[in-house]
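Engineer: Next up is a structure, given as structure tokens.
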Amino acid sequence: MGASDSPPRVIHHGAFAGVTGSCHELFLGPHASLLIDCGLFQGAETSGQGADSNDPAIDFPLDNVHGLVITHTHIDHVGRVPYLLMAGFNGPIYCTSATAHLLPLVIEDALKIGLTRDRKLISAVLKRLHSLLVPMEYDEWRWVAAGSGSSAGSEAGSGSGSGSAADSGSSAGSAALNGVRLRLRQAGHILGSAYAEFEWNTITDAVSSEPSETHSVSPMPSVELFNLPEAYRVVFSGDLGCRNTPLLPDPQPLERADLLFLESTYGDRLHESRDDRTDRLRAIIERCVRDRGAVLIPAFSIGRTQELLYEIEDIIASNHGFWPKITVILDSPMAAKFTALYRKLSKLWDQEALQRRADGRNPLDFSRLHTVDSHADHEHIVNHLRSSGDPCIVIAASGMCAGGRMVNYLKALLPDPRTDVIFVGYQAAGTPGRDIQQYGPDGGYVDLDHQRINIRAGIHTIGGYSAHADQRELVAFVESANPPVTEVRLIHGDHHARHTLTQTLRGGSPYNVKTFSPEGAAPP
């Protein structure tokens with residue numbers, strides 16, 4: 001367990017020494033906390049307390065947990081929400097309005113894959129989920145707790161285990177009417193994504209702890225709070241997106257933070273530019289067409305898929321030859337549903353995307369896009385491509401090749417040298433995607449569904465399509481704060497990424513940066 005003396009106390013239940021299973025418990029007072037995200041682990045990553053990709057049950061006590069804040073709807077940030085509900089959680093779930101639209105689809109899919117296909121049970125879980133949702137608009141401040149300050153020397157809650165990392169702090173001061181308020185700001189990662197700001201403040205306006213007309217839970221419990229300085233602000237970055245990402249606004253600059261928990265997924269590398277990645281994507285597809293093979297792109301159903309469709313539509317619209325005739329196959333029912341929601345929520349698109357639509361183009365629903373719904377149609381296409389090798393582009397989940405329909409394409413087409421596989425996102429250790437990425441270029445193999453599949457396909461990685469900010473953008477986010485951030489604690493990254501970003505932020509800067517070893521011990 002890593003610890004420090006500065007307030008407030010935070011227990012990391014996931015995405016602490018890794019990048020999946022995001023779940024962080026922020027204590028507002030000695031016995032009151034909020035969770036920030038509750039995601040599934042993938043690959044070899046674990047909570048250190050028992051939870052992993054095979055056993056996602058909640059492995060920490062919920063006695064102190066008064067609410068949940070969701071930064072975005074990727075499965076590694078929300079996939080354990082059904083297990084949280086099963087464990088008895090009944091507090092408000094704060095998220096952006098767009099996330100409130102997307103979340104039920106993600107949870108329904110998680111239930112079907114990991115728990116049950118019983119329609120009545122799924123319906124009951126979704127009904128309960130809807131009753132707990134508290135949608136918020138970007139930049140709206142909302143009180144999430146109110147009460148008097150705790151006495152000096154109080155200790156925050158319980159629930160830390162040997163595998164968790166806890167940042168502990170004390171409180172001081174006399175009793176006062178105070179509160180903690182929450183604001184969600186644009187993160188530019190996927191539609192509806194946000195970073196979360198928590199601020200300790202004196203309550204001056206009239207607030208109510210009664211349930212609203214639309215929600216059955218009280219969004220503002222009366223609890224004992226830490227007496228932190230007026231306007232003390234803690235920020236959780238969630239997943240920050242890249243600048244100039246198709247469809248999405250850029251991340252909102254950081255206003256200020258006394259304590260910033262910053263993701264570090266790509267803290268050790270720089271992405272290709274958008275122009276470079278588009279040129280590489282076009283070149284790989286053109287080569288594959290010459291070889292009469294298929295291009296396989298594993299992609300998350302939310303975010304990456306829509307970004308790829310947007311870029312491919314632009315390539316088709318801007319080129320001649322075979323391009324206007326190439327078939328783009330979206331073989332993911334979930335991705336198709338999310339793409340429809342992206343179209344419905346177009347008011348959140350960036351100006352470039354809105355202009356394309358005004359010009360009569362449909363970047364997420366173009367004529368060469370073929371969506372596959374039924375499993376029978378999916379199997380037919382896989383078998384057809386295995387026997388024919390017809391040139392096409394296939395986008396399917398999962399993004400790390402750990403499940404979903406992409407696995408069947410890989411089993412059928414990885415041994416074919418005419419095939420090209422393009423990775424456009426992070427591949428966690430222990431996932432089939434990481435194995436293909438690592439061993440494929442040397443003609444190795446990968447285990448898929450307990451079968452050894454030889455890799456003869458071309459393997460490519462285009463870093464510029466990552467939905468995560470790179471090192472330069474992470475540093476710029478920290479530096480955008482005025483006054484400077486008092487303390488930065490790095491999470492959500494592997495050891496090398498966190499270490500590299502730590503050294504970069506410390507180099508010639510005023511920042512107090514803390515990171516931790518994979519074992520959870522704080523460095524000197």
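By order in the structure tokens, chains are A, B, ...; within a chain, residues start at 1; ligands start at 1, following the order shown.
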Would you kindly return, as a PyMOL selection string, each protein, DNA or RNA residue with an atom no farther than 9 Å from any atom of region 19-34 of chain A, considering only C-alpha atoms and excluding same-chain residues fewer than 4 positions away?

Structural biologist: chain A and resi 8-15+38-43+45-47+52-53+63-69+75-80+145+149-150+154-158+170-171+180+200+223-227+238+263-265+428+491-494

Engineer: Would you mind writing down, as a PyMOL selection string, each residue of region 327-464 of chain A that DSSP on the backbone assigns to strand (DSSP E)?

Structural biologist: chain A and resi 328-330+369-371+392-396+420-423+445-448+451-454+458-461

Engineer: Generate a file of the selected residues that holds N, CA, C and O atoms, formatted as a CSV table (one decimal), in the first residue's frame.

Structural biologist:
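Final output, result-v3.csv:
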chain,number,residue,atom,x,y,z
A,328,VAL,N,-16.6,-1.4,-46.6
A,328,VAL,CA,-16.2,-1.3,-45.2
A,328,VAL,C,-17.2,-2.0,-44.4
A,328,VAL,O,-18.4,-1.7,-44.4
A,329,ILE,N,-16.7,-3.0,-43.6
A,329,ILE,CA,-17.6,-3.9,-42.9
A,329,ILE,C,-17.5,-3.5,-41.4
A,329,ILE,O,-16.5,-3.6,-40.8
A,330,LEU,N,-18.6,-3.1,-40.8
A,330,LEU,CA,-18.7,-2.9,-39.4
A,330,LEU,C,-19.4,-4.1,-38.8
A,330,LEU,O,-20.7,-4.2,-38.8
A,369,LEU,N,-20.5,1.6,-46.4
A,369,LEU,CA,-20.5,1.0,-45.1
A,369,LEU,C,-21.6,-0.1,-45.0
A,369,LEU,O,-22.7,0.2,-45.2
A,370,HIS,N,-21.1,-1.3,-44.7
A,370,HIS,CA,-22.0,-2.4,-44.5
A,370,HIS,C,-22.0,-2.9,-43.0
A,370,HIS,O,-20.9,-3.3,-42.5
A,371,THR,N,-23.1,-2.8,-42.4
A,371,THR,CA,-23.2,-3.2,-41.0
A,371,THR,C,-23.8,-4.6,-40.9
A,371,THR,O,-24.8,-5.0,-41.5
A,392,CYS,N,-11.3,-5.9,-48.5
A,392,CYS,CA,-12.3,-5.1,-47.7
A,392,CYS,C,-11.7,-4.6,-46.4
A,392,CYS,O,-10.5,-5.0,-46.1
A,393,ILE,N,-12.4,-3.8,-45.7
A,393,ILE,CA,-11.9,-3.3,-44.4
A,393,ILE,C,-12.9,-3.8,-43.4
A,393,ILE,O,-14.1,-3.6,-43.5
A,394,VAL,N,-12.4,-4.5,-42.4
A,394,VAL,CA,-13.3,-5.0,-41.3
A,394,VAL,C,-13.0,-4.4,-40.0
A,394,VAL,O,-11.8,-4.4,-39.6
A,395,ILE,N,-14.0,-3.7,-39.4
A,395,ILE,CA,-13.8,-3.1,-38.1
A,395,ILE,C,-14.7,-3.9,-37.1
A,395,ILE,O,-15.9,-4.0,-37.4
A,396,ALA,N,-14.1,-4.4,-36.1
A,396,ALA,CA,-14.9,-5.2,-35.1
A,396,ALA,C,-14.3,-5.2,-33.7
A,396,ALA,O,-13.1,-4.9,-33.6
A,420,ASP,N,-3.9,-8.0,-43.6
A,420,ASP,CA,-3.2,-7.0,-42.8
A,420,ASP,C,-4.0,-6.7,-41.5
A,420,ASP,O,-5.2,-6.5,-41.6
A,421,VAL,N,-3.4,-6.7,-40.4
A,421,VAL,CA,-4.1,-6.3,-39.1
A,421,VAL,C,-3.5,-5.0,-38.7
A,421,VAL,O,-2.3,-4.8,-38.6
A,422,ILE,N,-4.4,-4.1,-38.4
A,422,ILE,CA,-3.9,-2.7,-37.9
A,422,ILE,C,-4.4,-2.5,-36.5
A,422,ILE,O,-5.6,-2.5,-36.2
A,423,PHE,N,-3.5,-2.3,-35.6
A,423,PHE,CA,-3.8,-2.0,-34.2
A,423,PHE,C,-3.8,-0.4,-34.1
A,423,PHE,O,-2.8,0.2,-34.4
A,445,TYR,N,3.0,-16.9,-33.2
A,445,TYR,CA,1.6,-17.4,-33.1
A,445,TYR,C,0.9,-16.8,-31.9
A,445,TYR,O,1.5,-16.1,-31.1
A,446,VAL,N,-0.4,-17.0,-31.9
A,446,VAL,CA,-1.2,-16.5,-30.8
A,446,VAL,C,-2.3,-17.6,-30.4
A,446,VAL,O,-2.7,-18.3,-31.3
A,447,ASP,N,-2.6,-17.7,-29.2
A,447,ASP,CA,-3.7,-18.6,-28.7
A,447,ASP,C,-5.0,-17.8,-28.7
A,447,ASP,O,-5.2,-16.8,-28.0
A,448,LEU,N,-5.9,-18.3,-29.5
A,448,LEU,CA,-7.3,-17.8,-29.6
A,448,LEU,C,-8.3,-18.9,-29.4
A,448,LEU,O,-8.3,-19.9,-30.1
A,451,GLN,N,-6.9,-22.3,-29.2
A,451,GLN,CA,-6.3,-22.8,-30.5
A,451,GLN,C,-5.0,-22.0,-30.8
A,451,GLN,O,-5.0,-20.8,-30.6
A,452,ARG,N,-4.0,-22.7,-31.2
A,452,ARG,CA,-2.8,-22.0,-31.6
A,452,ARG,C,-2.9,-21.6,-33.1
A,452,ARG,O,-3.1,-22.4,-34.0
A,453,ILE,N,-2.9,-20.2,-33.3
A,453,ILE,CA,-3.0,-19.7,-34.6
A,453,ILE,C,-1.7,-19.1,-35.1
A,453,ILE,O,-1.2,-18.2,-34.5
A,454,ASN,N,-1.2,-19.6,-36.2
A,454,ASN,CA,0.1,-19.1,-36.7
A,454,ASN,C,-0.2,-17.7,-37.4
A,454,ASN,O,-1.3,-17.5,-38.0
A,458,GLY,N,0.3,-9.4,-42.2
A,458,GLY,CA,1.1,-8.2,-41.9
A,458,GLY,C,0.5,-7.6,-40.6
A,458,GLY,O,-0.7,-7.5,-40.5
A,459,ILE,N,1.3,-7.2,-39.7
A,459,ILE,CA,0.9,-6.6,-38.4
A,459,ILE,C,1.4,-5.1,-38.4
A,459,ILE,O,2.6,-4.9,-38.5
A,460,HIS,N,0.5,-4.2,-38.1
A,460,HIS,CA,0.8,-2.8,-38.1
A,460,HIS,C,0.3,-2.1,-36.9
A,460,HIS,O,-0.8,-2.5,-36.4
A,461,THR,N,1.0,-1.1,-36.4
A,461,THR,CA,0.4,-0.3,-35.3
A,461,THR,C,0.5,1.1,-35.7
A,461,THR,O,1.6,1.6,-36.0

Engineer: Where does DSSP see helix (DSSP H, G or I) in region 197-324 of chain A, if you list the residues as an MDAnalysis selection string?

Structural biologist: chainID A and resid 274:290 304:318 323:324

Engineer: For the residues in that selection, give me C-alpha atoms as an mmCIF file, in the first residue's frame.

Structural biologist:
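again08.cif was written with the following content:
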data_model
loop_
_atom_site.group_PDB
_atom_site.id
_atom_site.type_symbol
_atom_site.label_atom_id
_atom_site.label_comp_id
_atom_site.auth_asym_id
_atom_site.auth_seq_id
_atom_site.Cartn_x
_atom_site.Cartn_y
_atom_site.Cartn_z
ATOM 1 C CA ARG A 274 -3.307 13.042 -37.791
ATOM 2 C CA ASP A 275 -2.027 13.569 -41.348
ATOM 3 C CA ASP A 276 0.697 10.943 -40.897
ATOM 4 C CA ARG A 277 -1.654 8.335 -39.481
ATOM 5 C CA THR A 278 -4.183 8.901 -42.281
ATOM 6 C CA ASP A 279 -1.427 8.496 -44.884
ATOM 7 C CA ARG A 280 -0.271 5.259 -43.235
ATOM 8 C CA LEU A 281 -3.806 3.897 -43.032
ATOM 9 C CA ARG A 282 -4.374 4.679 -46.706
ATOM 10 C CA ALA A 283 -1.040 3.087 -47.722
ATOM 11 C CA ILE A 284 -1.712 -0.133 -45.766
ATOM 12 C CA ILE A 285 -5.189 -0.475 -47.258
ATOM 13 C CA GLU A 286 -3.877 0.178 -50.788
ATOM 14 C CA ARG A 287 -1.218 -2.496 -50.332
ATOM 15 C CA CYS A 288 -3.790 -4.962 -49.062
ATOM 16 C CA VAL A 289 -6.039 -4.295 -52.044
ATOM 17 C CA ARG A 290 -3.116 -4.995 -54.386
ATOM 18 C CA ARG A 304 -12.319 4.321 -31.833
ATOM 19 C CA THR A 305 -14.835 2.760 -34.229
ATOM 20 C CA GLN A 306 -16.569 6.071 -34.941
ATOM 21 C CA GLU A 307 -13.229 7.836 -35.390
ATOM 22 C CA LEU A 308 -12.094 5.216 -37.905
ATOM 23 C CA LEU A 309 -15.337 5.429 -39.858
ATOM 24 C CA TYR A 310 -14.958 9.194 -40.001
ATOM 25 C CA GLU A 311 -11.392 8.994 -41.346
ATOM 26 C CA ILE A 312 -12.143 6.171 -43.820
ATOM 27 C CA GLU A 313 -15.133 8.090 -45.201
ATOM 28 C CA ASP A 314 -12.835 11.056 -45.783
ATOM 29 C CA ILE A 315 -10.246 8.885 -47.565
ATOM 30 C CA ILE A 316 -12.974 7.443 -49.797
ATOM 31 C CA ALA A 317 -14.349 10.912 -50.568
ATOM 32 C CA SER A 318 -10.883 12.282 -51.377
ATOM 33 C CA TRP A 323 -11.557 3.636 -53.164
ATOM 34 C CA PRO A 324 -15.163 4.542 -54.078
#

Engineer: Between A:Leu62, A:Cys401, A:Val81, A:Ala196, which is the closest to Asp239 (chain A) once you count only C-alpha atoms?

Structural biologist: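 For Asp239 (chain A), the nearest of the given residues is A:Ala196.
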
Engineer: Go ahead and compute the interatomic distance for CA of Gly464 (chain A) and CA of Leu270 (chain A), in Å to one decimal.

Structural biologist: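 Here the two named atoms are 8.5 Å from each other.
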
Engineer: Figure out the distance between CA of Val475 (chain A) and CA of Ala231 (chain A), please, to one decimal in Å.

Structural biologist: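 Value for the CA of Ala231 (chain A)-CA of Val475 (chain A) distance: 23.9 Å.
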
Engineer: State, in Å with one decimal place, the distance from CA of Lys347 (chain A) to CA of Gly192 (chain A).

Structural biologist: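 Interatomic distance, CA of Lys347 (chain A) to CA of Gly192 (chain A): 11.4 Å.
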
Engineer: Which neighbours of Ile190 (chain A) fall inside 10 Å, counting only C-alpha atoms, when residues of the same chain fewer than 2 positions from it are skipped, and could you give them as a list in words?

Structural biologist: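 Neighbouring residues, sequence-local ones excluded: His72, Thr73, His74, Thr99, Gln186, Ala187, Gly188, Gly192, Ser193, Ala194, Asp239, Leu240, Gly241, Thr245, Leu247, Leu248, Pro249, Ile302, Gly303, Arg304, Gln306, Glu307, Tyr342, Ala467 and His468 of chain A.
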
Engineer: Find the spatial neighbours of Asn201 (chain A), counting only C-alpha atoms, within a cut-off of 10 Å - ignore same-chain residues fewer than 6 positions away - and output them as a list of chain:residue names.

Structural biologist: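 These residues fall inside the cut-off: A:Trp143, A:Ala146, A:Leu177, A:Asn178, A:Gly179, A:Val180, A:Arg181, A:Asn227, A:Leu228, A:Pro229, A:Glu230, A:Ala231, A:Tyr232, A:Arg233.
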
Engineer: Store the residues picked out above in a file with all heavy atoms, as an mmCIF file, in the first residue's frame.

Structural biologist:
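again.cif written:
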data_model
loop_
_atom_site.group_PDB
_atom_site.id
_atom_site.type_symbol
_atom_site.label_atom_id
_atom_site.label_comp_id
_atom_site.auth_asym_id
_atom_site.auth_seq_id
_atom_site.Cartn_x
_atom_site.Cartn_y
_atom_site.Cartn_z
ATOM 1 N N TRP A 143 -23.428 20.218 -5.958
ATOM 2 C CA TRP A 143 -23.043 19.773 -4.619
ATOM 3 C C TRP A 143 -23.294 18.270 -4.506
ATOM 4 O O TRP A 143 -24.367 17.788 -4.865
ATOM 5 C CB TRP A 143 -23.836 20.514 -3.553
ATOM 6 C CG TRP A 143 -23.552 21.985 -3.497
ATOM 7 C CD1 TRP A 143 -24.336 22.993 -3.970
ATOM 8 C CD2 TRP A 143 -22.383 22.605 -2.941
ATOM 9 N NE1 TRP A 143 -23.726 24.219 -3.762
ATOM 10 C CE2 TRP A 143 -22.522 24.013 -3.121
ATOM 11 C CE3 TRP A 143 -21.230 22.112 -2.317
ATOM 12 C CZ2 TRP A 143 -21.566 24.921 -2.700
ATOM 13 C CZ3 TRP A 143 -20.282 23.024 -1.888
ATOM 14 C CH2 TRP A 143 -20.440 24.411 -2.089
ATOM 15 N N ALA A 146 -22.691 17.456 1.899
ATOM 16 C CA ALA A 146 -22.733 18.622 2.781
ATOM 17 C C ALA A 146 -22.611 18.137 4.211
ATOM 18 O O ALA A 146 -22.985 17.013 4.541
ATOM 19 C CB ALA A 146 -24.035 19.394 2.602
ATOM 20 N N LEU A 177 -20.222 24.755 8.319
ATOM 21 C CA LEU A 177 -21.134 24.298 7.275
ATOM 22 C C LEU A 177 -20.372 24.333 5.961
ATOM 23 O O LEU A 177 -20.063 25.401 5.440
ATOM 24 C CB LEU A 177 -22.358 25.208 7.203
ATOM 25 C CG LEU A 177 -23.395 24.795 6.138
ATOM 26 C CD1 LEU A 177 -23.956 23.418 6.456
ATOM 27 C CD2 LEU A 177 -24.508 25.827 6.054
ATOM 28 N N ASN A 178 -20.029 23.191 5.495
ATOM 29 C CA ASN A 178 -19.258 23.146 4.258
ATOM 30 C C ASN A 178 -19.795 22.043 3.366
ATOM 31 O O ASN A 178 -20.728 21.327 3.717
ATOM 32 C CB ASN A 178 -17.767 22.971 4.540
ATOM 33 C CG ASN A 178 -17.475 21.747 5.406
ATOM 34 O OD1 ASN A 178 -18.339 20.885 5.605
ATOM 35 N ND2 ASN A 178 -16.272 21.656 5.933
ATOM 36 N N GLY A 179 -19.206 21.934 2.207
ATOM 37 C CA GLY A 179 -19.667 20.941 1.261
ATOM 38 C C GLY A 179 -18.607 20.617 0.237
ATOM 39 O O GLY A 179 -17.555 21.259 0.167
ATOM 40 N N VAL A 180 -18.883 19.586 -0.549
ATOM 41 C CA VAL A 180 -18.025 19.209 -1.666
ATOM 42 C C VAL A 180 -18.884 19.263 -2.923
ATOM 43 O O VAL A 180 -19.997 18.724 -2.958
ATOM 44 C CB VAL A 180 -17.436 17.802 -1.484
ATOM 45 C CG1 VAL A 180 -16.605 17.412 -2.710
ATOM 46 C CG2 VAL A 180 -16.588 17.730 -0.227
ATOM 47 N N ARG A 181 -18.370 19.942 -3.924
ATOM 48 C CA ARG A 181 -19.106 20.030 -5.175
ATOM 49 C C ARG A 181 -18.296 19.416 -6.312
ATOM 50 O O ARG A 181 -17.068 19.298 -6.236
ATOM 51 C CB ARG A 181 -19.484 21.467 -5.502
ATOM 52 C CG ARG A 181 -18.331 22.447 -5.643
ATOM 53 C CD ARG A 181 -18.848 23.841 -5.956
ATOM 54 N NE ARG A 181 -17.757 24.762 -6.289
ATOM 55 C CZ ARG A 181 -17.934 25.945 -6.853
ATOM 56 N NH1 ARG A 181 -19.165 26.349 -7.166
ATOM 57 N NH2 ARG A 181 -16.900 26.725 -7.120
ATOM 58 N N ASN A 227 -11.980 19.051 6.884
ATOM 59 C CA ASN A 227 -11.822 20.509 6.832
ATOM 60 C C ASN A 227 -10.580 20.849 6.019
ATOM 61 O O ASN A 227 -9.509 21.092 6.553
ATOM 62 C CB ASN A 227 -11.684 21.090 8.243
ATOM 63 C CG ASN A 227 -13.003 21.593 8.775
ATOM 64 O OD1 ASN A 227 -13.910 21.883 8.008
ATOM 65 N ND2 ASN A 227 -13.118 21.668 10.085
ATOM 66 N N LEU A 228 -10.732 20.846 4.725
ATOM 67 C CA LEU A 228 -9.647 21.249 3.831
ATOM 68 C C LEU A 228 -9.764 22.747 3.571
ATOM 69 O O LEU A 228 -10.812 23.349 3.807
ATOM 70 C CB LEU A 228 -9.737 20.453 2.535
ATOM 71 C CG LEU A 228 -9.472 18.951 2.702
ATOM 72 C CD1 LEU A 228 -9.797 18.210 1.419
ATOM 73 C CD2 LEU A 228 -8.045 18.695 3.121
ATOM 74 N N PRO A 229 -8.707 23.364 3.075
ATOM 75 C CA PRO A 229 -8.771 24.816 2.805
ATOM 76 C C PRO A 229 -9.912 25.159 1.858
ATOM 77 O O PRO A 229 -10.307 24.342 1.007
ATOM 78 C CB PRO A 229 -7.408 25.116 2.166
ATOM 79 C CG PRO A 229 -6.509 24.034 2.680
ATOM 80 C CD PRO A 229 -7.369 22.815 2.807
ATOM 81 N N GLU A 230 -10.439 26.349 1.996
ATOM 82 C CA GLU A 230 -11.512 26.809 1.121
ATOM 83 C C GLU A 230 -11.096 26.690 -0.342
ATOM 84 O O GLU A 230 -9.990 27.057 -0.737
ATOM 85 C CB GLU A 230 -11.842 28.269 1.441
ATOM 86 C CG GLU A 230 -12.993 28.849 0.627
ATOM 87 C CD GLU A 230 -14.349 28.381 1.131
ATOM 88 O OE1 GLU A 230 -14.397 27.644 2.145
ATOM 89 O OE2 GLU A 230 -15.363 28.746 0.518
ATOM 90 N N ALA A 231 -11.985 26.080 -1.156
ATOM 91 C CA ALA A 231 -11.775 25.902 -2.599
ATOM 92 C C ALA A 231 -10.675 24.893 -2.922
ATOM 93 O O ALA A 231 -10.131 24.898 -4.036
ATOM 94 C CB ALA A 231 -11.497 27.233 -3.286
ATOM 95 N N TYR A 232 -10.329 24.040 -1.950
ATOM 96 C CA TYR A 232 -9.348 22.980 -2.233
ATOM 97 C C TYR A 232 -9.924 22.075 -3.321
ATOM 98 O O TYR A 232 -11.065 21.615 -3.229
ATOM 99 C CB TYR A 232 -9.075 22.171 -0.966
ATOM 100 C CG TYR A 232 -7.986 21.127 -1.119
ATOM 101 C CD1 TYR A 232 -6.662 21.431 -0.831
ATOM 102 C CD2 TYR A 232 -8.291 19.840 -1.552
ATOM 103 C CE1 TYR A 232 -5.660 20.482 -0.961
ATOM 104 C CE2 TYR A 232 -7.291 18.886 -1.706
ATOM 105 C CZ TYR A 232 -5.980 19.205 -1.402
ATOM 106 O OH TYR A 232 -4.992 18.266 -1.544
ATOM 107 N N ARG A 233 -9.132 21.813 -4.358
ATOM 108 C CA ARG A 233 -9.657 21.097 -5.528
ATOM 109 C C ARG A 233 -8.831 19.857 -5.849
ATOM 110 O O ARG A 233 -7.610 19.920 -6.004
ATOM 111 C CB ARG A 233 -9.700 22.024 -6.738
ATOM 112 C CG ARG A 233 -10.407 21.423 -7.957
ATOM 113 C CD ARG A 233 -10.491 22.406 -9.106
ATOM 114 N NE ARG A 233 -11.333 23.561 -8.790
ATOM 115 C CZ ARG A 233 -11.608 24.537 -9.654
ATOM 116 N NH1 ARG A 233 -11.083 24.504 -10.874
ATOM 117 N NH2 ARG A 233 -12.383 25.541 -9.295
#

Engineer: Excluding Tyr195 (chain A) and residues on its chain fewer than 5 positions from it, collect all residues at most 12 Å away from it, counting only C-alpha atoms, and give them as an MDAnalysis selection string.

Structural biologist: chainID A and resid 36:37 69:72 94:96 138:139 182:190 234:241 251:255 260:263 477

Engineer: Using only C-alpha atoms, find the one residue out of A:Glu108, A:Glu140, A:Asp416, A:Asp359 that sits nearest to Ser123 (chain A).

Structural biologist: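 Residue with the minimum atom-to-atom distance to Ser123 (chain A): A:Glu108.
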
Engineer: Of the residues A:Ala497, A:Ala336, A:Ile455, A:Leu103, which is the one nearest to His130 (chain A), using only C-alpha atoms?

Structural biologist: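 That would be A:Leu103, the residue with the smallest distance to His130 (chain A).
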
Engineer: Considering only C-alpha atoms, can you say which of A:Ala481, A:Gln471, A:Leu354, A:Leu364 comes closest to Leu505 (chain A)?

Structural biologist: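 The closest residue to Leu505 (chain A) is A:Gln471.
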